[in-house]
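For reference, run.tsv is printed below; it contains TSV, C-alpha atoms.
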chain	number	residue	atom	x	y	z
A	1	MET	CA	-14.65	11.73	13.69
A	2	ALA	CA	-17.65	13.94	14.17
A	3	LEU	CA	-19.32	15.65	11.26
A	4	LYS	CA	-19.64	19.38	11.37
A	5	ASP	CA	-23.06	20.92	11.85
A	6	GLY	CA	-25.37	20.59	8.92
A	7	ALA	CA	-23.94	17.33	7.64
A	8	SER	CA	-26.41	14.65	6.82
A	9	ARG	CA	-26.91	11.61	8.96
A	10	PRO	CA	-25.75	8.25	7.64
A	11	PRO	CA	-28.40	5.84	6.42
A	12	GLY	CA	-29.92	3.87	9.23
A	13	ARG	CA	-28.94	6.29	11.96
A	14	THR	CA	-31.90	8.15	13.30
A	15	GLU	CA	-31.24	8.74	16.94
A	16	GLY	CA	-29.38	11.51	18.68
A	17	PRO	CA	-29.48	15.26	18.42
A	18	GLY	CA	-26.76	15.75	15.83
A	19	PRO	CA	-25.10	13.98	12.95
A	20	TYR	CA	-23.72	11.50	15.42
A	21	PRO	CA	-26.21	9.95	17.77
A	22	ALA	CA	-25.64	10.48	21.47
A	23	LEU	CA	-22.53	12.59	20.88
A	24	ARG	CA	-20.75	13.21	24.13
A	25	THR	CA	-20.04	16.84	24.83
A	26	TYR	CA	-17.46	16.77	27.56
A	27	ALA	CA	-15.09	19.65	27.85
A	28	PRO	CA	-11.80	19.23	26.02
A	29	ARG	CA	-8.77	18.50	28.11
A	30	ALA	CA	-5.20	19.05	27.10
A	31	ILE	CA	-2.97	15.99	27.32
A	32	ALA	CA	0.42	17.65	26.97
A	33	PRO	CA	2.46	19.32	28.19
A	34	ARG	CA	1.61	18.64	31.79
A	35	SER	CA	2.78	20.74	34.68
A	36	ASN	CA	3.81	19.20	37.95
A	37	ASP	CA	1.77	21.32	40.26
A	38	GLU	CA	-0.55	19.76	42.75
A	39	ASP	CA	-3.77	20.59	40.96
A	40	ASP	CA	-2.70	18.77	37.83
A	41	ALA	CA	-1.44	15.85	39.85
A	42	ALA	CA	-4.80	15.58	41.54
A	43	GLU	CA	-6.61	15.77	38.21
A	44	ASP	CA	-4.48	12.99	36.81
A	45	HIS	CA	-5.93	10.64	39.38
A	46	ILE	CA	-9.42	11.13	38.09
A	47	VAL	CA	-10.32	8.30	35.75
A	48	SER	CA	-12.31	10.17	33.17
A	49	ASP	CA	-13.23	9.79	29.57
A	50	VAL	CA	-13.30	13.53	29.10
A	51	GLN	CA	-13.01	14.39	25.45
A	52	LYS	CA	-14.79	16.51	22.96
A	53	ALA	CA	-14.87	14.20	19.94
A	54	ALA	CA	-14.37	16.90	17.40
A	55	LEU	CA	-11.94	15.90	14.70
A	56	SER	CA	-14.08	16.64	11.71
A	57	PRO	CA	-13.60	14.81	8.43
A	58	GLU	CA	-13.65	18.16	6.65
A	59	THR	CA	-10.59	19.18	8.62
A	60	VAL	CA	-8.75	16.00	7.75
A	61	LEU	CA	-9.66	16.35	4.08
A	62	ALA	CA	-8.43	19.95	4.09
A	63	GLN	CA	-5.10	18.75	5.47
A	64	MET	CA	-4.82	16.17	2.71
A	65	LYS	CA	-5.41	18.78	0.04
A	66	LYS	CA	-3.08	21.26	1.70
A	67	ASN	CA	-0.32	18.67	1.51
A	68	GLY	CA	-0.94	17.67	-2.08
A	69	VAL	CA	-2.31	14.18	-1.55
A	70	THR	CA	-3.37	12.64	-4.86
A	71	HIS	CA	-4.09	9.02	-3.87
A	72	VAL	CA	-5.52	7.64	-0.64
A	73	VAL	CA	-4.64	3.98	-0.20
A	74	TRP	CA	-6.92	2.70	2.46
A	75	LEU	CA	-8.81	-0.01	4.19
A	76	PRO	CA	-11.91	1.12	6.06
A	77	ASP	CA	-11.91	1.47	9.78
A	78	SER	CA	-14.61	2.68	12.09
A	79	GLU	CA	-12.73	5.83	13.04
A	80	THR	CA	-12.69	7.14	9.47
A	81	ASN	CA	-16.05	6.14	8.06
A	82	TRP	CA	-17.28	9.69	7.52
A	83	LEU	CA	-14.04	10.68	5.88
A	84	PHE	CA	-14.72	8.10	3.18
A	85	VAL	CA	-17.92	9.87	2.16
A	86	LEU	CA	-16.08	13.14	1.68
A	87	MET	CA	-13.04	11.63	-0.04
A	88	LYS	CA	-15.22	9.77	-2.48
A	89	ALA	CA	-16.96	12.98	-3.45
A	90	ASP	CA	-13.68	14.83	-4.05
A	91	PRO	CA	-12.60	14.67	-7.68
A	92	SER	CA	-8.99	15.54	-6.85
A	93	LEU	CA	-8.48	12.31	-4.89
A	94	THR	CA	-8.14	8.78	-6.18
A	95	LEU	CA	-9.23	6.22	-3.62
A	96	VAL	CA	-7.41	2.91	-3.80
A	97	GLY	CA	-9.09	0.39	-1.57
A	98	VAL	CA	-7.05	-2.62	-0.48
A	99	ASN	CA	-8.15	-5.68	1.45
A	100	ARG	CA	-4.99	-6.29	3.48
A	101	GLU	CA	-3.14	-3.37	4.99
A	102	GLY	CA	0.30	-4.60	3.97
A	103	LEU	CA	-0.70	-4.09	0.36
A	104	ALA	CA	-1.25	-0.41	1.09
A	105	PHE	CA	2.47	0.12	1.66
A	106	SER	CA	3.58	-1.43	-1.63
A	107	ALA	CA	0.81	0.38	-3.51
A	108	ALA	CA	1.83	3.68	-1.94
A	109	SER	CA	5.44	3.00	-2.87
A	110	GLY	CA	4.43	2.54	-6.51
A	111	ILE	CA	2.36	5.72	-6.47
A	112	TYR	CA	5.34	7.60	-5.06
A	113	ALA	CA	7.65	6.11	-7.69
A	114	GLY	CA	5.23	7.44	-10.28
A	115	GLY	CA	5.59	10.96	-8.93
A	116	LYS	CA	2.31	11.32	-7.05
A	117	THR	CA	1.58	11.79	-3.34
A	118	PRO	CA	-0.05	8.88	-1.54
A	119	LEU	CA	-1.58	8.80	1.91
A	120	ILE	CA	-2.10	5.50	3.74
A	121	LEU	CA	-5.29	5.37	5.78
A	122	ILE	CA	-5.62	2.26	7.94
A	123	GLN	CA	-6.38	1.13	11.48
A	124	ASN	CA	-3.79	0.27	14.11
A	125	THR	CA	-4.76	-3.40	13.87
A	126	GLY	CA	-3.83	-3.46	10.20
A	127	LEU	CA	-0.70	-1.42	10.82
A	128	MET	CA	0.60	-4.18	13.05
A	129	GLU	CA	-0.25	-6.74	10.37
A	130	SER	CA	1.83	-4.73	7.89
A	131	GLY	CA	5.23	-4.70	9.53
A	132	ASP	CA	7.35	-6.32	6.84
A	133	SER	CA	5.63	-4.51	4.01
A	134	MET	CA	6.16	-1.19	5.78
A	135	ARG	CA	9.82	-2.06	6.27
A	136	GLY	CA	10.52	-3.27	2.75
A	137	TRP	CA	8.32	-1.10	0.57
A	138	THR	CA	8.53	2.22	2.38
A	139	MET	CA	11.37	2.38	4.92
A	140	GLN	CA	13.99	0.55	2.86
A	141	MET	CA	12.89	2.39	-0.28
A	142	GLU	CA	12.90	5.76	1.48
A	143	VAL	CA	9.31	6.59	0.65
A	144	PRO	CA	8.08	9.73	2.43
A	145	VAL	CA	4.52	8.76	3.23
A	146	VAL	CA	2.10	9.71	5.96
A	147	LEU	CA	0.15	6.93	7.64
A	148	MET	CA	-3.16	8.03	9.12
A	149	VAL	CA	-3.90	5.33	11.63
A	150	GLY	CA	-7.20	4.88	13.43
A	151	TYR	CA	-6.18	4.40	17.05
A	152	ARG	CA	-8.61	1.68	18.08
A	153	GLY	CA	-8.80	1.29	21.82
A	154	TRP	CA	-7.14	4.58	22.68
A	155	THR	CA	-8.25	6.33	25.83
A	156	ARG	CA	-7.31	9.59	27.44
A	157	HIS	CA	-6.92	8.14	30.90
A	158	GLY	CA	-4.31	5.51	30.17
A	159	VAL	CA	-6.49	2.56	31.03
A	160	ASN	CA	-7.52	0.62	27.97
A	161	LYS	CA	-9.21	-2.70	27.50
A	162	ASP	CA	-8.09	-3.28	23.93
A	163	THR	CA	-4.71	-4.81	23.11
A	164	ALA	CA	-4.84	-3.05	19.74
A	165	ALA	CA	-4.15	0.13	21.67
A	166	THR	CA	-1.71	-1.49	24.06
A	167	TYR	CA	0.74	-2.34	21.31
A	168	THR	CA	0.23	0.47	18.80
A	169	GLU	CA	2.85	2.91	20.04
A	170	ARG	CA	5.18	0.10	21.03
A	171	PHE	CA	4.94	-1.22	17.48
A	172	LEU	CA	5.74	2.18	15.99
A	173	ASN	CA	8.61	2.63	18.40
A	174	ALA	CA	10.01	-0.78	17.44
A	175	PHE	CA	10.18	0.37	13.82
A	176	ASN	CA	11.43	3.80	14.85
A	177	ILE	CA	8.45	5.43	13.16
A	178	ASN	CA	7.64	8.83	14.59
A	179	TYR	CA	3.99	9.65	15.27
A	180	TYR	CA	1.63	12.46	16.16
A	181	LEU	CA	-1.61	12.18	18.10
A	182	VAL	CA	-4.60	13.98	16.63
A	183	GLU	CA	-7.79	14.17	18.70
A	184	GLU	CA	-9.67	17.21	17.47
A	185	ASP	CA	-9.63	19.99	14.92
A	186	ALA	CA	-7.24	22.05	16.98
A	187	ASP	CA	-4.63	19.31	16.47
A	188	ALA	CA	-4.97	19.27	12.70
A	189	GLU	CA	-1.73	21.10	11.99
A	190	ARG	CA	0.06	18.06	13.36
A	191	ILE	CA	-0.97	16.34	10.13
A	192	SER	CA	0.96	18.93	8.14
A	193	THR	CA	3.85	18.49	10.53
A	194	ALA	CA	3.82	14.78	9.74
A	195	PHE	CA	3.90	15.46	5.99
A	196	ALA	CA	6.81	17.86	6.37
A	197	GLU	CA	8.71	15.39	8.52
A	198	ALA	CA	8.11	12.51	6.11
A	199	LYS	CA	9.42	14.60	3.23
A	200	LYS	CA	12.45	15.77	5.17
A	201	THR	CA	13.39	12.36	6.55
A	202	LYS	CA	12.26	10.24	3.55
A	203	ARG	CA	10.47	7.91	5.91
A	204	PRO	CA	6.94	7.02	6.88
A	205	VAL	CA	5.48	9.17	9.65
A	206	ALA	CA	2.28	8.21	11.47
A	207	VAL	CA	-0.69	10.28	12.55
A	208	LEU	CA	-2.69	8.48	15.21
A	209	VAL	CA	-6.34	9.40	14.91
A	210	ALA	CA	-7.55	9.23	18.47
A	211	ASP	CA	-11.32	9.31	18.30
A	212	GLU	CA	-13.18	8.09	21.31
A	213	TYR	CA	-16.62	8.42	19.86
A	214	HIS	CA	-17.08	5.00	18.43
A	215	GLY	CA	-17.18	3.19	21.69
A	216	PHE	CA	-13.99	1.20	21.59
A	217	ASN	CA	-12.88	2.86	24.78
B	218	MET	CA	6.83	-25.11	-19.69
B	219	MET	CA	8.96	-22.11	-20.64
B	220	ASP	CA	12.42	-20.97	-19.78
B	221	THR	CA	12.08	-17.59	-18.05
B	222	ALA	CA	14.98	-15.95	-19.88
B	223	GLU	CA	13.70	-17.09	-23.28
B	224	MET	CA	10.20	-15.89	-22.47
B	225	LEU	CA	11.57	-12.48	-21.46
B	226	LYS	CA	13.53	-12.27	-24.70
B	227	ALA	CA	10.32	-12.94	-26.64
B	228	PHE	CA	8.57	-10.20	-24.66
B	229	SER	CA	11.43	-7.75	-25.15
B	230	ARG	CA	10.91	-7.70	-28.91
B	231	HIS	CA	7.49	-6.12	-28.30
B	232	ARG	CA	8.27	-4.05	-25.24
B	233	GLY	CA	8.25	-0.73	-27.04
B	234	ASN	CA	8.65	2.04	-24.50
B	235	ALA	CA	6.92	0.25	-21.64
B	236	ILE	CA	8.12	0.59	-18.06
B	237	VAL	CA	9.01	-2.90	-16.85
B	238	VAL	CA	8.84	-4.10	-13.25
B	239	PRO	CA	10.65	-7.41	-13.70
B	240	GLY	CA	9.90	-8.87	-10.27
B	241	ARG	CA	11.20	-12.41	-9.92
B	242	GLY	CA	12.42	-12.27	-13.52
B	243	GLY	CA	14.78	-9.44	-12.63
B	244	ARG	CA	18.04	-11.39	-12.74
B	245	HIS	CA	17.42	-12.24	-16.40
B	246	TRP	CA	15.78	-8.97	-17.39
B	247	VAL	CA	18.72	-6.79	-16.37
B	248	GLU	CA	20.80	-8.71	-18.94
B	249	ILE	CA	18.15	-8.46	-21.67
B	250	SER	CA	16.77	-4.93	-21.38
B	251	ASP	CA	18.15	-2.10	-23.47
B	252	LYS	CA	16.23	0.59	-21.55
B	253	PRO	CA	17.49	0.29	-17.96
B	254	ASN	CA	16.13	3.66	-16.92
B	255	ARG	CA	12.65	2.43	-17.78
B	256	ASP	CA	13.18	-0.74	-15.73
B	257	VAL	CA	12.26	-1.07	-12.07
B	258	PRO	CA	14.26	-4.06	-10.79
B	259	LEU	CA	13.63	-4.04	-7.07
B	260	GLY	CA	14.56	-7.56	-6.08
B	261	ASP	CA	12.30	-8.48	-3.21
B	262	PRO	CA	11.50	-5.53	-0.93
B	263	ALA	CA	8.84	-7.63	0.83
B	264	MET	CA	7.14	-10.65	-0.67
B	265	GLY	CA	3.64	-10.27	-2.03
B	266	GLY	CA	3.83	-6.60	-2.92
B	267	HIS	CA	5.01	-6.49	-6.52
B	268	ALA	CA	1.51	-6.30	-8.00
B	269	SER	CA	0.35	-3.53	-5.71
B	270	PHE	CA	3.57	-1.58	-6.35
B	271	ALA	CA	3.16	-1.89	-10.12
B	272	MET	CA	-0.53	-1.01	-9.88
B	273	GLY	CA	0.37	2.11	-7.92
B	274	LEU	CA	2.89	3.05	-10.58
B	275	ALA	CA	0.26	2.49	-13.29
B	276	LEU	CA	-2.26	4.69	-11.47
B	277	ALA	CA	0.30	7.44	-10.99
B	278	GLN	CA	1.46	7.32	-14.61
B	279	PRO	CA	-1.63	6.58	-16.70
B	280	GLY	CA	0.13	7.70	-19.87
B	281	GLU	CA	2.81	5.01	-19.56
B	282	LYS	CA	2.43	1.31	-20.24
B	283	ILE	CA	3.40	-0.64	-17.09
B	284	VAL	CA	4.43	-4.30	-17.42
B	285	LEU	CA	4.92	-6.49	-14.35
B	286	PHE	CA	6.47	-9.95	-14.12
B	287	ASP	CA	4.97	-11.23	-10.90
B	288	SER	CA	5.27	-14.73	-9.43
B	289	ASP	CA	2.86	-17.37	-8.17
B	290	GLY	CA	4.24	-17.17	-4.64
B	291	ASP	CA	3.87	-13.38	-4.61
B	292	VAL	CA	0.34	-13.53	-6.01
B	293	GLN	CA	-0.71	-16.08	-3.43
B	294	MET	CA	0.70	-13.93	-0.65
B	295	GLY	CA	-1.10	-10.79	-1.82
B	296	MET	CA	-3.99	-12.28	-3.74
B	297	GLY	CA	-6.44	-9.65	-2.61
B	298	ILE	CA	-4.76	-7.08	-4.83
B	299	LEU	CA	-6.34	-8.76	-7.85
B	300	ALA	CA	-9.70	-7.36	-6.74
B	301	THR	CA	-8.20	-3.91	-6.20
B	302	ILE	CA	-6.56	-3.90	-9.63
B	303	ALA	CA	-9.80	-5.02	-11.25
B	304	GLU	CA	-11.66	-2.27	-9.42
B	305	GLN	CA	-9.18	0.41	-10.46
B	306	GLN	CA	-9.10	-0.88	-14.06
B	307	PRO	CA	-5.76	0.67	-15.05
B	308	ARG	CA	-5.84	0.47	-18.83
B	309	ASN	CA	-2.05	0.74	-18.91
B	310	PHE	CA	-1.32	-2.27	-16.69
B	311	TYR	CA	-0.08	-5.66	-17.95
B	312	HIS	CA	0.21	-8.26	-15.23
B	313	PHE	CA	2.34	-11.23	-16.29
B	314	MET	CA	2.79	-13.94	-13.67
B	315	LEU	CA	5.62	-16.48	-13.67
B	316	ASP	CA	4.35	-19.76	-12.27
B	317	ASN	CA	7.11	-22.17	-11.28
B	318	LYS	CA	4.86	-23.84	-8.71
B	319	CYS	CA	7.40	-23.45	-5.93
B	320	TYR	CA	9.30	-21.06	-3.71
B	321	ALA	CA	12.46	-21.22	-5.79
B	322	THR	CA	14.53	-18.83	-3.73
B	323	THR	CA	14.07	-20.87	-0.56
B	324	GLY	CA	14.93	-24.25	-2.03
B	325	GLY	CA	11.95	-25.19	-4.19
B	326	GLN	CA	9.26	-26.05	-1.67
B	327	PRO	CA	5.80	-26.12	-3.31
B	328	VAL	CA	3.44	-23.17	-3.05
B	329	PRO	CA	0.05	-24.21	-1.64
B	330	ASN	CA	-2.07	-26.25	-4.04
B	331	ALA	CA	0.49	-25.55	-6.74
B	332	LEU	CA	-0.80	-28.04	-9.28
B	333	LYS	CA	-4.48	-27.18	-9.11
B	334	LEU	CA	-4.74	-23.41	-9.17
B	335	ALA	CA	-6.01	-21.69	-12.32
B	336	TYR	CA	-4.59	-18.20	-11.91
B	337	HIS	CA	-6.11	-16.77	-15.06
B	338	ASP	CA	-9.54	-17.90	-13.87
B	339	MET	CA	-8.91	-16.25	-10.52
B	340	ALA	CA	-7.97	-12.99	-12.23
B	341	ARG	CA	-11.10	-13.13	-14.36
B	342	ALA	CA	-13.23	-13.93	-11.33
B	343	CYS	CA	-11.78	-10.88	-9.57
B	344	GLY	CA	-12.78	-8.71	-12.51
B	345	TYR	CA	-9.84	-8.55	-14.91
B	346	PRO	CA	-11.49	-8.14	-18.29
B	347	ARG	CA	-8.83	-10.20	-20.07
B	348	ALA	CA	-6.74	-13.11	-18.79
B	349	TYR	CA	-4.66	-15.70	-20.62
B	350	ALA	CA	-2.52	-18.75	-19.89
B	351	TYR	CA	0.53	-20.01	-21.78
B	352	ASP	CA	2.78	-22.97	-21.13
B	353	ASN	CA	4.95	-22.95	-24.24
B	354	LEU	CA	7.21	-20.34	-25.73
B	355	GLU	CA	5.99	-20.59	-29.30
B	356	THR	CA	2.36	-19.84	-28.48
B	357	PHE	CA	3.36	-17.05	-26.11
B	358	SER	CA	5.66	-15.49	-28.70
B	359	ILE	CA	2.86	-15.44	-31.26
B	360	ASN	CA	0.42	-13.75	-28.88
B	361	VAL	CA	2.47	-11.35	-26.78
B	362	GLU	CA	2.31	-8.45	-29.22
B	363	ARG	CA	-1.47	-8.67	-29.44
B	364	ILE	CA	-1.76	-8.83	-25.65
B	365	LEU	CA	0.34	-5.71	-25.23
B	366	ASN	CA	-1.91	-3.86	-27.65
B	367	GLU	CA	-5.05	-4.66	-25.70
B	368	PRO	CA	-6.30	-2.28	-23.02
B	369	GLY	CA	-5.40	-3.28	-19.48
B	370	PRO	CA	-5.65	-4.61	-16.98
B	371	VAL	CA	-4.58	-7.87	-18.56
B	372	PHE	CA	-3.46	-10.94	-16.62
B	373	VAL	CA	-1.15	-13.49	-18.26
B	374	TRP	CA	-0.33	-16.77	-16.51
B	375	LEU	CA	3.03	-18.11	-17.71
B	376	LYS	CA	4.17	-21.57	-16.70
B	377	VAL	CA	7.95	-21.53	-16.35
B	378	ARG	CA	10.66	-23.93	-15.26
B	379	PRO	CA	11.79	-23.40	-11.66
B	380	GLU	CA	15.28	-22.03	-11.11
B	381	ILE	CA	15.89	-23.22	-7.59
B	382	GLU	CA	18.46	-21.67	-5.30
B	383	ASN	CA	19.78	-23.51	-2.31
B	384	LYS	CA	22.67	-21.32	-1.28
B	385	PRO	CA	22.27	-19.18	1.82
B	386	ILE	CA	21.11	-15.70	0.86
B	387	GLY	CA	24.38	-14.13	1.93
B	388	SER	CA	26.44	-16.26	-0.45
B	389	ARG	CA	24.32	-15.79	-3.59
B	390	SER	CA	25.54	-13.69	-6.48
B	391	GLN	CA	24.04	-10.20	-6.46
B	392	TRP	CA	22.36	-9.45	-9.77
B	393	ARG	CA	20.97	-6.05	-8.90
B	394	LYS	CA	23.30	-3.34	-10.13
B	395	ARG	CA	21.44	-0.44	-8.50
B	396	SER	CA	19.88	0.03	-5.08
B	397	GLN	CA	16.10	0.19	-4.86
B	398	VAL	CA	16.31	3.88	-4.02
B	399	GLN	CA	18.53	4.52	-7.04
B	400	VAL	CA	16.16	2.59	-9.31
B	401	VAL	CA	13.25	4.82	-8.31
B	402	MET	CA	15.39	7.96	-8.66
B	403	ASP	CA	16.45	6.91	-12.16
B	404	LEU	CA	12.86	6.20	-13.15
B	405	LYS	CA	11.71	9.58	-11.89
B	406	LYS	CA	14.47	11.29	-13.82
B	407	GLU	CA	13.49	9.35	-16.94
B	408	LEU	CA	9.87	10.45	-16.52
B	409	GLY	CA	10.77	14.05	-15.76
B	410	ILE	CA	9.52	13.87	-12.18
B	411	ALA	CA	11.19	16.09	-9.60
B	412	SER	CA	12.39	14.03	-6.62

As a first step, turn the structure in this file into structure tokens.
Amino acid sequence: MALKDGASRPPGRTEGPGPYPALRTYAPRAIAPRSNDEDDAAEDHIVSDVQKAALSPETVLAQMKKNGVTHVVWLPDSETNWLFVLMKADPSLTLVGVNREGLAFSAASGIYAGGKTPLILIQNTGLMESGDSMRGWTMQMEVPVVLMVGYRGWTRHGVNKDTAATYTERFLNAFNINYYLVEEDADAERISTAFAEAKKTKRPVAVLVADEYHGFN
Amino acid sequence: MMDTAEMLKAFSRHRGNAIVVPGRGGRHWVEISDKPNRDVPLGDPAMGGHASFAMGLALAQPGEKIVLFDSDGDVQMGMGILATIAEQQPRNFYHFMLDNKCYATTGGQPVPNALKLAYHDMARACGYPRAYAYDNLETFSINVERILNEPGPVFVWLKVRPEIENKPIGSRSQWRKRSQVQVVMDLKKELGIAS
């Protein structure tokens, strides 16, 4: 996630023109829907890492507040580091840090049973570690919870070198968990869509935070 | 070593209005409790998660006293939650742990290093401000009221006799009278929470 203009630089980071050092400024490129005309087909053959890494933590935080999140159960991942700084400063949120992602699902289930609104914030690696906990503590117990999942290894060109990315969507599909891809601020409403769907279906719904900035791709 | 049902009866005399997550003691607790709508008998949604579930409930309902009867096998599987609970410091959370030194529901195989672990020391080392250990009913019965009047989080290591099951899961008697979803719905209704 990139910080918006004017945000301070993290300790120890001194290089680069903006809050993030060496921020790439490629033009954004839509990933769906695709047309079948020849121009698009030709473009699809270009192996490119075109992306404007512009999902700001402020936008994500605004979505949390819009959807009434009270507790963020989380384990840090590199895609969401800046979000932590903002969440910690927000008095309306309780941050519950866990040290194994499976524990996030049972903790969120308890928070839900107590009438509050949890959000689970983890990386795809930890999501895959959490399968049985997700099944037992959220799916079986019909807990409507949104999982914000850092999509480590994700690329826009379909060629990845990280098995964390290879199996992420397959894992979600195996559990029949629906998911939404969020790359930049313009996608942020998909987070609200995920909250609405979780509430309606009484199931976990995932938001895959696809941020190419951090160099996993 | 204590009998789990007798220990739960001793606790029940001092329960007050606490919400009880009976964990592995559920089969006995559903026969002892006189406040079923303030009980959260979930069986075993997924092993290792009882403490984090009960902690979440305690954080969401800080005005309610939350009592959990966890197990040694569950704690070992999700041991990291001790650090999280100690960090959150829920003053309304009472973490009792039944230690039978084995996986009773799978035939009684030992949990790792069952005879040498000091669970109350582990809880203290993780940051629980108060932790106790009891291996006989009389001493526990004398102290349980005082423990429940202390601010949480409190960890209480209880050494109990194993109640080993060897029948296949499908042929065991079903002690849960309500589904997990119904249990949570009943609790929310009891607490005045809109579902």

- Which residues of chain A are close to chain B, meaning at most 6 Å apart when you count all atoms listed in the file, and how do they look as number ranges by chain? A: 98-99, 106-107, 110-111, 113-116, 133, 136-137, 141

- Note on the structure: For A:Thr70, the closest of A:Trp82, A:Phe171, A:Tyr112, A:Trp154 counting all atoms listed in the file is A:Tyr112

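The environment of stretch 225-238 of chain B within 6 Å, counting only C-alpha atoms and disregarding residues fewer than 2 places along the same chain, consists of Ala222, Glu223, Gly240, Arg255, Asp256, Val257, Pro258, Lys282, Ile283, Val284, Leu285, Ser358 and Glu362 of chain B.
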
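If you measure from each of A:Gly126, A:Arg100, A:Tyr167, A:Tyr179 to A:Ile191 using all atoms listed in the file, the closest one turns out to be A:Tyr179.
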
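Between atom CA of A:Thr163 and atom CA of A:Glu184 the interatomic distance comes to 23.3 Å.
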
- Message: Between atom CA of A:Glu101 and atom CA of A:Met87, what distance in Å does the model show, to one decimal?
- Response: 18.7 Å

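With all atoms listed in the file as the atoms that count, the minimum distance from B:Pro329 to the choices B:Gly290, B:Pro368, B:Pro307, B:Pro346 is reached by B:Gly290.
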
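Note that atom CA of B:Trp246 and atom CA of B:Trp392 are 10.1 Å apart.
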
- Best match for closeness to B:Leu365 among B:Ile249, B:Gly280, B:Tyr311, B:Ile381, counting all atoms listed in the file: B:Tyr311

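Distances from A:Ala164, A:Lys88, A:Arg170, A:Val146 to A:Glu197 were compared using all atoms listed in the file, and the smallest one belongs to A:Val146.
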
- Which protein, DNA or RNA residues have an atom at most 6 Å from (-2.8, -2.2, -17.5), counting only C-alpha atoms? List them as a ChimeraX atom specification. /B:307-311,369-370

- Item | Selection near A:Ala165, 9 Å with all atoms listed in the file, sequence-local residues under 2 positions removed, as a list in words | Asn124, Thr125, Tyr151, Arg152, Gly153, Trp154, Thr155, Asn160, Lys161, Asp162, Thr163, Tyr167, Thr168 and Glu169 of chain A

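By only C-alpha atoms, and with residues fewer than 6 positions from A:Ala62 along its chain excluded, the set lying at most 12 Å from it is Leu55, Ser56, Gly68, Val69, Leu83, Leu86, Met87, Asp90, Ser92, Leu93, Asp185, Ala188, Glu189, Ile191 and Ser192 of chain A.
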
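With all atoms listed in the file as the basis for measurement, B:Lys376 is the residue among B:Arg363, B:Lys252, B:Arg393, B:Lys376 that approaches B:Thr221 most closely.
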
- Message: Using all atoms listed in the file, which protein or nucleic acid residues come within 10 Å of A:Ala196? Drop anything in the same chain fewer than 6 positions from it, and give the result as a ChimeraX atom specification.
- Response: /A:67,144-146,190,202,205

Would you mind completing stretch 124-136 of chain A to N, CA and C atoms and writing the output as a PDB file, keeping the file's coordinate frame?
ATOM      1  N   ASN A 124      -4.979   0.787  13.419  1.00  0.00           N
ATOM      2  CA  ASN A 124      -3.790   0.270  14.110  1.00  0.00           C
ATOM      3  C   ASN A 124      -3.686  -1.250  14.020  1.00  0.00           C
ATOM      4  N   THR A 125      -4.795  -1.935  14.000  1.00  0.00           N
ATOM      5  CA  THR A 125      -4.760  -3.400  13.870  1.00  0.00           C
ATOM      6  C   THR A 125      -4.054  -3.804  12.579  1.00  0.00           C
ATOM      7  N   GLY A 126      -4.431  -3.151  11.491  1.00  0.00           N
ATOM      8  CA  GLY A 126      -3.830  -3.460  10.200  1.00  0.00           C
ATOM      9  C   GLY A 126      -2.392  -2.982  10.095  1.00  0.00           C
ATOM     10  N   LEU A 127      -2.093  -1.895  10.796  1.00  0.00           N
ATOM     11  CA  LEU A 127      -0.700  -1.420  10.820  1.00  0.00           C
ATOM     12  C   LEU A 127       0.207  -2.523  11.356  1.00  0.00           C
ATOM     13  N   MET A 128      -0.243  -3.143  12.441  1.00  0.00           N
ATOM     14  CA  MET A 128       0.600  -4.180  13.050  1.00  0.00           C
ATOM     15  C   MET A 128       0.714  -5.397  12.141  1.00  0.00           C
ATOM     16  N   GLU A 129      -0.305  -5.654  11.355  1.00  0.00           N
ATOM     17  CA  GLU A 129      -0.250  -6.740  10.370  1.00  0.00           C
ATOM     18  C   GLU A 129       0.778  -6.446   9.276  1.00  0.00           C
ATOM     19  N   SER A 130       1.080  -5.171   9.067  1.00  0.00           N
ATOM     20  CA  SER A 130       1.830  -4.730   7.890  1.00  0.00           C
ATOM     21  C   SER A 130       3.325  -4.567   8.088  1.00  0.00           C
ATOM     22  N   GLY A 131       3.855  -5.036   9.184  1.00  0.00           N
ATOM     23  CA  GLY A 131       5.230  -4.700   9.530  1.00  0.00           C
ATOM     24  C   GLY A 131       6.251  -4.903   8.430  1.00  0.00           C
ATOM     25  N   ASP A 132       6.294  -6.069   7.830  1.00  0.00           N
ATOM     26  CA  ASP A 132       7.350  -6.320   6.840  1.00  0.00           C
ATOM     27  C   ASP A 132       7.145  -5.517   5.571  1.00  0.00           C
ATOM     28  N   SER A 133       5.900  -5.326   5.194  1.00  0.00           N
ATOM     29  CA  SER A 133       5.630  -4.510   4.010  1.00  0.00           C
ATOM     30  C   SER A 133       6.042  -3.056   4.249  1.00  0.00           C
ATOM     31  N   MET A 134       5.747  -2.563   5.441  1.00  0.00           N
ATOM     32  CA  MET A 134       6.160  -1.190   5.780  1.00  0.00           C
ATOM     33  C   MET A 134       7.681  -1.072   5.730  1.00  0.00           C
ATOM     34  N   ARG A 135       8.348  -2.072   6.285  1.00  0.00           N
ATOM     35  CA  ARG A 135       9.820  -2.060   6.270  1.00  0.00           C
ATOM     36  C   ARG A 135      10.366  -2.074   4.840  1.00  0.00           C
ATOM     37  N   GLY A 136       9.910  -3.060   4.056  1.00  0.00           N
ATOM     38  CA  GLY A 136      10.520  -3.270   2.750  1.00  0.00           C
ATOM     39  C   GLY A 136      10.111  -2.263   1.692  1.00  0.00           C
TER      40      GLY A 136
END
